[in-house]
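start-v7.cif follows (mmCIF, C-alpha atoms):
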```
data_protein
#
loop_
_atom_site.label_atom_id
_atom_site.label_comp_id
_atom_site.auth_asym_id
_atom_site.auth_seq_id
_atom_site.Cartn_x
_atom_site.Cartn_y
_atom_site.Cartn_z
CA MET A 13 0.00 0.00 0.00
CA ALA A 14 3.02 2.30 0.18
CA PRO A 15 2.77 3.57 -3.47
CA VAL A 16 -0.88 4.58 -2.93
CA ALA A 17 0.15 6.34 0.29
CA VAL A 18 2.95 8.21 -1.47
CA VAL A 19 0.58 9.35 -4.23
CA LEU A 20 -2.03 10.52 -1.71
CA ILE A 21 0.52 12.39 0.42
CA SER A 22 2.01 14.03 -2.68
CA ILE A 23 -1.41 15.24 -3.85
CA GLY A 24 -2.17 16.49 -0.35
CA VAL A 25 1.11 18.38 -0.10
CA PHE A 26 0.42 19.94 -3.51
CA PHE A 27 -3.00 21.16 -2.34
CA MET A 28 -1.59 22.60 0.87
CA PHE A 29 1.23 24.27 -1.08
CA SER A 30 -1.20 25.91 -3.50
CA GLY A 31 -3.41 26.99 -0.60
CA THR A 32 -0.47 28.64 1.13
CA ILE A 33 0.57 30.43 -2.06
CA GLY A 34 -2.99 31.71 -2.38
CA PHE A 35 -2.97 32.83 1.23
CA LEU A 36 0.23 34.80 0.69
CA ARG A 37 -0.53 36.25 -2.74
CA PHE A 38 -4.27 36.99 -2.87
CA PRO A 39 -5.26 40.61 -2.31
CA ASP A 40 -7.89 40.67 0.43
CA PHE A 41 -9.56 38.74 3.22
CA PHE A 42 -12.31 36.95 1.31
CA THR A 43 -10.05 35.65 -1.46
CA ARG A 44 -7.55 34.43 1.12
CA MET A 45 -10.24 32.53 3.01
CA HIS A 46 -11.42 31.13 -0.32
CA SER A 47 -7.92 29.86 -1.02
CA THR A 48 -7.06 28.33 2.35
CA GLY A 49 -10.49 27.10 3.39
CA LYS A 50 -10.92 24.58 0.61
CA SER A 51 -7.43 23.50 -0.36
CA ASP A 52 -6.10 23.08 3.18
CA THR A 53 -9.06 20.88 4.11
CA LEU A 54 -8.58 18.60 1.12
CA GLY A 55 -4.81 18.62 1.50
CA ILE A 56 -4.85 17.61 5.15
CA VAL A 57 -7.50 14.93 4.64
CA LEU A 58 -5.53 13.41 1.74
CA THR A 59 -2.26 13.56 3.70
CA LEU A 60 -3.78 11.91 6.77
CA THR A 61 -5.38 9.19 4.63
CA GLY A 62 -2.00 8.55 3.07
CA LEU A 63 -0.39 8.34 6.51
CA ALA A 64 -3.06 5.87 7.70
CA LEU A 65 -2.43 3.66 4.66
CA TYR A 66 1.34 3.90 5.13
CA ASN A 67 0.94 2.87 8.77
CA LEU A 68 -0.80 -0.33 7.63
CA ASP A 69 2.07 -1.14 5.27
CA HIS A 70 4.11 -3.13 7.82
CA GLY A 71 1.47 -5.75 8.47
CA LEU A 72 -2.14 -5.53 9.54
CA THR A 73 -2.18 -6.07 13.31
CA LEU A 74 -4.71 -4.80 15.84
CA ALA A 75 -2.33 -2.13 17.17
CA SER A 76 -1.50 -0.66 13.74
CA PHE A 77 -5.16 -0.84 12.73
CA LEU A 78 -6.13 1.17 15.84
CA VAL A 79 -3.48 3.81 15.08
CA SER A 80 -4.80 4.11 11.51
CA LEU A 81 -8.35 4.35 12.85
CA LYS A 82 -7.33 7.25 15.12
CA ILE A 83 -5.65 9.03 12.19
CA MET A 84 -8.84 8.61 10.17
CA PHE A 85 -10.86 10.05 13.08
CA ILE A 86 -8.62 13.13 12.98
CA ALA A 87 -9.26 13.37 9.23
CA ILE A 88 -13.04 13.09 9.68
CA PHE A 89 -13.15 15.76 12.39
CA TRP A 90 -10.91 18.02 10.33
CA PHE A 91 -13.22 17.51 7.36
CA ALA A 92 -16.18 18.62 9.50
CA GLY A 93 -14.45 21.38 11.43
CA SER A 94 -12.30 23.27 8.94
CA PRO A 95 -15.05 24.32 6.47
CA THR A 96 -17.24 25.33 9.40
CA VAL A 97 -14.50 27.53 10.82
CA THR A 98 -13.94 29.09 7.39
CA HIS A 99 -17.67 29.73 7.11
CA ALA A 100 -17.84 31.29 10.59
CA ILE A 101 -14.83 33.59 10.04
CA THR A 102 -16.02 34.69 6.60
CA ARG A 103 -19.53 35.32 7.91
CA ALA A 104 -18.13 37.40 10.77
CA ALA A 105 -16.08 39.44 8.28
CA PHE A 106 -19.17 39.93 6.09
CA LYS A 107 -21.22 41.06 9.06
CA SER A 108 -18.56 43.52 10.16
CA LYS A 109 -18.72 45.03 6.63
CA ILE A 110 -15.23 44.35 5.33
CA GLU A 111 -15.32 45.49 1.73
CA PRO A 112 -14.48 42.88 -0.94
CA TRP A 113 -11.59 43.62 -3.29
CA THR A 114 -12.39 44.52 -6.89
CA LYS A 115 -9.98 44.74 -9.79
CA ASP A 116 -10.65 48.33 -10.80
CA GLY A 117 -10.81 49.56 -7.21
CA ARG A 118 -14.44 50.63 -7.43
CA SER A 119 -16.78 49.80 -4.61
CA VAL A 120 -19.12 46.83 -4.91
CA ILE A 121 -22.70 47.70 -5.79
CA ASP A 122 -24.96 47.85 -2.71
CA TRP A 123 -22.10 47.80 -0.26
CA PRO A 124 -22.27 47.82 2.76
CA PRO A 125 -25.21 45.43 2.86
CA ASP A 126 -28.35 46.27 4.80
CA LYS A 127 -29.05 44.93 8.22
CA GLU A 128 -31.83 42.66 7.01
CA GLU A 129 -29.53 40.96 4.51
CA THR A 130 -26.71 40.30 6.95
CA LYS A 131 -28.94 38.73 9.55
CA MET B 8 -20.11 41.66 21.88
CA ILE B 9 -21.02 38.45 20.14
CA GLN B 10 -24.67 37.55 19.79
CA ARG B 11 -26.01 34.07 20.08
CA THR B 12 -25.66 32.63 16.60
CA GLU B 13 -28.68 31.43 14.66
CA ASN B 14 -26.55 29.90 11.97
CA ILE B 15 -27.62 26.33 11.29
CA ILE B 16 -24.23 25.19 9.94
CA ILE B 17 -22.30 26.23 13.04
CA ARG B 18 -24.96 24.90 15.41
CA THR B 19 -25.16 21.51 13.67
CA ILE B 20 -21.42 20.97 13.47
CA CYS B 21 -21.00 21.97 17.11
CA ARG B 22 -23.79 19.60 18.05
CA ILE B 23 -21.83 16.80 16.35
CA LEU B 24 -18.36 17.84 17.51
CA ILE B 25 -18.95 18.67 21.20
CA PRO B 26 -19.85 15.09 22.30
CA ALA B 27 -16.89 13.76 20.31
CA ILE B 28 -14.55 16.23 22.01
CA GLN B 29 -15.91 15.25 25.42
CA LEU B 30 -15.48 11.55 24.63
CA PHE B 31 -11.88 12.22 23.57
CA GLY B 32 -11.29 14.11 26.82
CA LEU B 33 -12.55 11.15 28.85
CA TYR B 34 -10.31 8.86 26.76
CA VAL B 35 -7.27 11.02 27.51
CA ILE B 36 -8.08 10.98 31.23
CA ALA B 37 -8.68 7.24 31.32
CA HIS B 38 -5.47 6.39 29.45
CA GLY B 39 -3.33 8.97 31.24
CA HIS B 40 -1.13 6.51 33.13
CA GLY B 41 -0.35 4.29 30.15
CA SER B 42 0.07 6.72 27.26
CA PRO B 43 0.54 10.47 26.69
CA GLY B 44 -2.15 12.44 28.44
CA GLY B 45 -3.49 12.53 31.95
CA GLY B 46 -5.85 14.38 34.20
CA PHE B 47 -4.76 17.91 33.36
CA GLN B 48 -4.73 17.43 29.60
CA GLY B 49 -8.03 15.56 29.55
CA GLY B 50 -9.60 18.21 31.77
CA CYS B 51 -8.42 20.91 29.39
CA ILE B 52 -9.97 19.05 26.45
CA LEU B 53 -13.26 18.72 28.34
CA ALA B 54 -13.12 22.44 29.16
CA ALA B 55 -12.46 23.19 25.47
CA SER B 56 -15.74 21.52 24.58
CA PHE B 57 -17.61 23.83 26.95
CA ILE B 58 -15.71 26.86 25.62
CA LEU B 59 -16.74 25.84 22.08
CA MET B 60 -20.31 25.60 23.35
CA VAL B 61 -20.09 29.15 24.75
CA ILE B 62 -18.65 30.51 21.48
CA ALA B 63 -21.09 28.70 19.21
CA LEU B 64 -24.35 28.54 21.16
CA GLY B 65 -23.99 31.53 23.47
CA LEU B 66 -23.37 31.98 27.18
CA GLU B 67 -27.02 31.81 28.21
CA GLU B 68 -27.68 28.41 26.65
CA THR B 69 -24.42 27.02 28.04
CA LYS B 70 -25.29 28.21 31.54
CA ARG B 71 -28.69 26.60 31.20
CA ARG B 72 -27.07 23.25 30.38
CA PHE B 73 -24.04 23.47 32.71
CA THR B 74 -24.99 25.78 35.53
CA GLU B 75 -22.73 27.89 37.73
CA LYS B 76 -23.73 25.81 40.74
CA LEU B 77 -22.81 22.53 39.03
CA ASN B 78 -19.52 24.09 37.98
CA ASN B 79 -18.65 25.04 41.56
CA ILE B 80 -19.66 21.59 42.80
CA PHE B 81 -17.40 19.95 40.20
CA SER B 82 -14.42 22.17 41.02
CA SER B 83 -14.67 21.11 44.67
CA LEU B 84 -15.48 17.47 43.90
CA GLY B 85 -12.22 16.90 42.05
CA VAL B 86 -10.14 18.19 44.96
CA PHE B 87 -12.26 16.03 47.26
CA VAL B 88 -11.56 12.88 45.20
CA TYR B 89 -7.83 13.66 45.07
CA ALA B 90 -7.49 14.46 48.76
CA TRP B 91 -9.52 11.50 49.95
CA THR B 92 -7.52 9.07 47.85
CA GLY B 93 -4.47 10.33 49.72
CA TRP B 94 -6.18 10.39 53.09
CA MET B 95 -7.44 6.83 52.72
CA CYS B 96 -3.79 5.76 52.41
CA LEU B 97 -2.94 7.75 55.54
CA LEU B 98 -5.83 6.18 57.45
CA LEU B 99 -4.70 2.69 56.41
CA GLY B 100 -1.25 3.32 57.85
CA ALA B 101 0.95 4.32 54.91
CA ASN B 102 2.23 7.59 53.47
CA PHE B 103 0.01 10.15 51.73
CA LEU B 104 -0.84 8.83 48.21
CA ASP B 105 0.89 5.48 48.85
CA TYR B 106 -1.74 3.57 46.94
CA SER B 107 -0.62 -0.01 47.51
CA VAL B 108 -2.26 -0.22 50.97
CA LEU B 109 -5.61 0.45 49.28
CA SER B 110 -5.68 -3.27 48.51
CA ALA B 111 -7.05 -3.73 52.05
CA ILE B 112 -10.35 -2.08 51.11
CA LEU B 113 -10.44 -2.71 47.34
CA PRO B 114 -10.96 -6.17 45.83
CA ALA B 115 -7.49 -6.08 44.25
CA ASP B 116 -3.87 -7.01 44.92
CA PRO B 117 -1.38 -4.18 45.77
CA ILE B 118 -0.26 -3.67 42.14
CA LYS B 119 -3.83 -3.40 40.89
CA ALA B 120 -4.64 -1.13 43.85
CA ARG B 121 -1.77 1.17 42.85
CA TYR B 122 -3.23 1.32 39.34
CA LEU B 123 -6.70 2.16 40.68
CA GLY B 124 -5.33 4.80 43.03
CA MET B 125 -3.49 6.54 40.21
CA PHE B 126 -6.63 6.38 38.09
CA SER B 127 -8.74 7.95 40.81
CA ILE B 128 -6.41 10.93 41.32
CA GLU B 129 -6.33 11.41 37.53
CA VAL B 130 -10.12 11.55 37.57
CA GLY B 131 -10.03 14.08 40.41
CA VAL B 132 -7.51 16.29 38.63
CA GLY B 133 -9.55 16.08 35.41
CA ILE B 134 -12.81 17.14 37.06
CA THR B 135 -11.21 20.10 38.85
CA VAL B 136 -9.26 21.30 35.82
CA MET B 137 -12.38 21.17 33.65
CA ALA B 138 -14.51 23.16 36.09
CA VAL B 139 -11.81 25.75 36.87
CA MET B 140 -10.97 26.28 33.18
CA VAL B 141 -14.64 26.85 32.32
CA SER B 142 -15.14 29.28 35.19
CA LEU B 143 -11.90 31.15 34.33
CA PHE B 144 -13.05 31.47 30.71
CA ILE B 145 -16.49 32.76 31.71
CA ASP B 146 -14.92 35.21 34.19
CA LEU B 147 -12.49 36.50 31.57
CA VAL B 148 -14.91 36.96 28.67
CA THR B 149 -17.59 38.65 30.76
CA GLY B 150 -15.28 40.78 32.87
CA GLY B 151 -16.55 39.13 36.05
CA LYS B 152 -20.23 39.92 35.41
CA HIS B 153 -21.53 36.50 34.55
CA GLY B 154 -24.77 37.57 32.99
CA GLU B 155 -23.33 39.75 30.24
CA GLY B 156 -20.61 39.66 27.61
CA LEU B 157 -20.38 37.24 24.71
#
```
Take the structure I supplied and represent it as structure tokens, if you would.
Amino acid sequence: MAPVAVVLISIGVFFMFSGTIGFLRFPDFFTRMHSTGKSDTLGIVLTLTGLALYNLDHGLTLASFLVSLKIMFIAIFWFAGSPTVTHAITRAAFKSKIEPWTKDGRSVIDWPPDKEETK
Amino acid sequence: MIQRTENIIIRTICRILIPAIQLFGLYVIAHGHGSPGGGFQGGCILAASFILMVIALGLEETKRRFTEKLNNIFSSLGVFVYAWTGWMCLLLGANFLDYSVLSAILPADPIKARYLGMFSIEVGVGITVMAVMVSLFIDLVTGGKHGEGL
């Protein structure tokens, strides 16, 4: 199972790398959350799945199976928690009326949003 | 000031995650003498679940589920468990926290009694750390006035 693990970890590292580049290079808050929120989640889940498979590579015993199961629990909770945190932070930024970046520097139409819309 | 959130995504995920965090905290407490972890770490994880509840569901709802009175009782109960495990050893004629003499009152040999004694002080530490962490957090975020803030 080691080749599958290496492929999964490589894809995961690629996703985390691209997410970090987006976090460093994108212009404002919302685009940065867009970059890190999705790609870091997928990258970490793929990396942890690869680690769980690699852990099973030296023989399937009860102890190594339990370690892999714990790693997969971390992956599942990360998969539930990280998008929720991204959603909460972005929603808080939207409610505190942080203005989205536009290419020509003009303000977004109907910004800041009304109170009824942000509720 | 943060209002109580009505957002269904955050509420649902917290409803799923908080019991899992509490179960993991109990696991860390229960396996503290054989693997990394222990009473303090497990108590902190349990407290983190209540802090997440305060952040996601609001202080009022958290205080309705886990009241101030229950919190104070827990913070004293942990110290009680710890101290009486030590005092039982003193009363049975050994040093404070010398668990092996507990085999006289427990259905176990001295080695097993040592294990159970360690486990019971870990449980005491975990209960106290959880309650004190939660009350420190509530004191800090509300500036001492427990009804307001957050």
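Among the candidates A:Ser80, A:Thr43, A:Ser119, A:Ser22, the residue lying nearest to Leu68 (chain A) is A:Ser80 (atoms considered: all atoms listed in the file).
Between CA of Gly31 (chain A) and CA of Val18 (chain A) lies a distance of 19.8 Å.
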For this session: Check every residue of chain B for an atom within 10 Å of chain A, counting all atoms listed in the file, and provide those that qualify as a ChimeraX atom specification.
Result: /B:9,12-14,16-21,23-24,27-28,63
For this session: Find the spatial neighbours of Ala90 (chain B), counting only C-alpha atoms, within a cut-off of 9 Å - ignore same-chain residues fewer than 4 positions away - and output them as JSON, numbers by chain.
Result: {"B": [85, 86, 94, 95, 104, 128, 131]}
Matched chain/residue IDs from the PyMOL selection byres ((chain B and resi 60) around 10), as a PDB file with C-alpha atoms, in the coordinates of the input:
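Okay, this is what ended up in out.pdb:
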```
ATOM      1  CA  ARG B  18     -24.960  24.900  15.410  1.00  0.00           C
ATOM      2  CA  CYS B  21     -21.000  21.970  17.110  1.00  0.00           C
ATOM      3  CA  ARG B  22     -23.790  19.600  18.050  1.00  0.00           C
ATOM      4  CA  LEU B  24     -18.360  17.840  17.510  1.00  0.00           C
ATOM      5  CA  ILE B  25     -18.950  18.670  21.200  1.00  0.00           C
ATOM      6  CA  ALA B  54     -13.120  22.440  29.160  1.00  0.00           C
ATOM      7  CA  ALA B  55     -12.460  23.190  25.470  1.00  0.00           C
ATOM      8  CA  SER B  56     -15.740  21.520  24.580  1.00  0.00           C
ATOM      9  CA  PHE B  57     -17.610  23.830  26.950  1.00  0.00           C
ATOM     10  CA  ILE B  58     -15.710  26.860  25.620  1.00  0.00           C
ATOM     11  CA  LEU B  59     -16.740  25.840  22.080  1.00  0.00           C
ATOM     12  CA  VAL B  61     -20.090  29.150  24.750  1.00  0.00           C
ATOM     13  CA  ILE B  62     -18.650  30.510  21.480  1.00  0.00           C
ATOM     14  CA  ALA B  63     -21.090  28.700  19.210  1.00  0.00           C
ATOM     15  CA  LEU B  64     -24.350  28.540  21.160  1.00  0.00           C
ATOM     16  CA  GLY B  65     -23.990  31.530  23.470  1.00  0.00           C
ATOM     17  CA  LEU B  66     -23.370  31.980  27.180  1.00  0.00           C
ATOM     18  CA  GLU B  68     -27.680  28.410  26.650  1.00  0.00           C
ATOM     19  CA  THR B  69     -24.420  27.020  28.040  1.00  0.00           C
ATOM     20  CA  LYS B  70     -25.290  28.210  31.540  1.00  0.00           C
TER      21      LYS B  70
END
```
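What separates CA of Gly93 (chain B) from CA of Leu53 (chain B) is a distance of 24.6 Å.
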Problem set entry | Between CA of Thr98 (chain A) and CA of Phe42 (chain A) - distance in Å to one decimal | 10.1 Å
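Between Gly41 (chain B) and the candidates B:Leu143, B:Val136, B:Leu99, B:Phe126, the tightest atom-to-atom separation, counting all atoms listed in the file, involves B:Phe126.
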Exercise. With only C-alpha atoms as the basis for distance, which of A:Thr32, A:Thr114, A:Ser108, A:Thr61 is at the shortest distance from Gly49 (chain A)?
Worked result: A:Thr32
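What the PyMOL selection byres ((chain B and resi 34) around 12) matches in the given file is Ala27, Ile28, Gln29, Leu30, Phe31, Gly32, Leu33, Val35, Ile36, Ala37, His38, Gly39, His40, Gly41, Ser42, Pro43, Gly44, Gly45, Gly46, Gln48, Gly49, Gly50, Ile52, Leu53, Glu129, Val130 and Gly133 of chain B.
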Result set, the PyMOL selection byres ((chain A and resi 19) around 12) on current file, as a JSON list (two decimals) with C-alpha atoms, in the coordinates of the input:
```json
[["chain", "number", "residue", "atom", "x", "y", "z"],
["A", 13, "MET", "CA", 0.00, 0.00, 0.00],
["A", 14, "ALA", "CA", 3.02, 2.30, 0.18],
["A", 15, "PRO", "CA", 2.77, 3.57, -3.47],
["A", 16, "VAL", "CA", -0.88, 4.58, -2.93],
["A", 17, "ALA", "CA", 0.15, 6.34, 0.29],
["A", 18, "VAL", "CA", 2.95, 8.21, -1.47],
["A", 20, "LEU", "CA", -2.03, 10.52, -1.71],
["A", 21, "ILE", "CA", 0.52, 12.39, 0.42],
["A", 22, "SER", "CA", 2.01, 14.03, -2.68],
["A", 23, "ILE", "CA", -1.41, 15.24, -3.85],
["A", 24, "GLY", "CA", -2.17, 16.49, -0.35],
["A", 25, "VAL", "CA", 1.11, 18.38, -0.10],
["A", 26, "PHE", "CA", 0.42, 19.94, -3.51],
["A", 58, "LEU", "CA", -5.53, 13.41, 1.74],
["A", 59, "THR", "CA", -2.26, 13.56, 3.70],
["A", 61, "THR", "CA", -5.38, 9.19, 4.63],
["A", 62, "GLY", "CA", -2.00, 8.55, 3.07],
["A", 63, "LEU", "CA", -0.39, 8.34, 6.51],
["A", 65, "LEU", "CA", -2.43, 3.66, 4.66],
["A", 66, "TYR", "CA", 1.34, 3.90, 5.13]]
```
